[in-house]
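This report concerns only the one structure given below.
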Amino acid sequence: LSLLFNINLPVLDAFPPNNIIPKTSTAKSLPFQQQQILDKYHHPLSPGPSSSTATITPQTTKKLLQSKKFSHKSDDSNNNIPSHASLTTKTLLTKIRTITSKNSFVIGMLLAVSLAKTFPTIGIDGGILHPEKIIGKYGVMTIFLLSGLSLKLSELKQALSHHRLNTIVQSTMFVAWPLLIGLPLSGALSRFRVLPPPLADGLLILTTLPTTVNMCIALTSAAGGSVATALCNAVIGNLLGVFVTPALLFRFFGASIEVPLGDMIGKLCGKVLFPVAVGQILRGTRVKDVYEGNKGFFKSLQEFILLG
């Protein structure tokens, strides 16, 4: 034992009498190898710094066994301390997971564009996936159904009562964009021959259109904004667009266009207002509890439908 533990003491010193290290009520019996190491530190004849009356606890034992001086693997060494490399790897993976979850929609947009460029025939109208029905009809209805399920009726009323905010949003959509951005930009691009005139005119027409209802709701929800305000302004904007957009086009191009008023209002009611009303009705049932318990899943579902 003296050769094993490098203890230059008589053999009797490896087995000190009981009166050298007093036992306490909280101390536990230690394995023989650990006890020998502690005896070296607490024996009065050894060069250790402790006195003969020091109290030995399991915490003291653990600290001594983990020191570099005693690298022996004892019978009680079950403390696997993670290395610095493993901690760094776990921290890096945690950061990547956090960034990915926060920017999942942006990452999904990049993947969707890449897939559409690589396999363009999959997502065309009439293709194997039939996106004009699955996404264009049922997917949009699902988005507004979930929006109606997530919103309280008081939130919708409060959003409608924000007259100043709603006026600013609609003025930005139908006044600022076409008159302050679309008209000067398309004129400059056409004059300096950056774009062909038909393409520049198309850009101007684009600035006269209202927001798309599904994109407006989904992006607002993904950004953590007021979904109620976005929903109200999307409906108001698309109703106003039936009258304002033809008037702007007549002002810019001097040509009148024929708008299928009844068909547009019917689509708006069927895809937006009706699903929101159904979602409000479902809030009075147990479906609301299912939605509240799985908000993350339904939010990801909305984003997935929008990416489709």
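Here, A, B, ... name the chains of the structure tokens in the order displayed, residue numbers run from 1 inside each chain, and ligands are numbered from 1 in the same displayed order.
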Hey, which bits of stretch 81-156 of chain A sit within 9 Å of stretch 215-224 of chain A, and for each residue what's the closest pair of atoms and how far apart in Å (one decimal), counting only C-alpha atoms, rows by chain and increasing number, as CSV?
```
residue,atom,partner,partner_atom,distance
A:Phe105,CA,A:Ala222,CA,7.4
A:Ile143,CA,A:Ala218,CA,7.6
A:Phe144,CA,A:Ile217,CA,8.1
A:Ser147,CA,A:Ile217,CA,7.9
```
Could you write out that same residue set with N, CA, C and O atoms as a compact mmCIF listing (two decimals), in the first residue's frame?
```
# COMPACT_ATOMS: atom_id res chain seq x y z
N PHE A 105 -39.52 30.88 -41.06
CA PHE A 105 -40.28 31.28 -42.24
C PHE A 105 -39.35 31.76 -43.35
O PHE A 105 -39.55 31.44 -44.53
N ILE A 143 -55.94 29.20 -43.19
CA ILE A 143 -55.22 30.30 -42.55
C ILE A 143 -56.18 31.22 -41.82
O ILE A 143 -55.96 31.60 -40.65
N PHE A 144 -57.29 31.59 -42.46
CA PHE A 144 -58.23 32.53 -41.83
C PHE A 144 -59.10 31.83 -40.79
O PHE A 144 -59.58 32.48 -39.85
N SER A 147 -56.89 32.00 -37.89
CA SER A 147 -56.83 33.40 -37.43
C SER A 147 -58.08 33.74 -36.62
O SER A 147 -58.00 34.38 -35.56
```
Atom CA of A:Gln302 and atom CA of A:Gly139, how far apart in Å?
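Between atom CA of A:Gly139 and atom CA of A:Gln302 the gap is 8.4 Å.
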To one decimal place in Å, what is the distance between atom CA of A:Pro260 and atom CA of A:Glu132?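 If I compute the distance from atom CA of A:Pro260 to atom CA of A:Glu132, I get 19.9 Å.
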What residues in stretch 90-229 of chain A get the DSSP label alpha helix (DSSP H)? Please answer as a VMD selection string. chain A and resid 90 to 102 104 to 118 131 to 133 140 to 150 153 to 161 163 to 171 183 to 191 197 to 207 213 to 222 227 to 229
* Hey, what's within 9 Å of A:Leu179 if we count only C-alpha atoms and toss same-chain stuff fewer than 4 positions away? As a ChimeraX atom specification, please? -> /A:174-175,183-184,207-208
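Here atom CA of A:Asn166 and atom CA of A:Thr229 stand 8.1 Å from one another.
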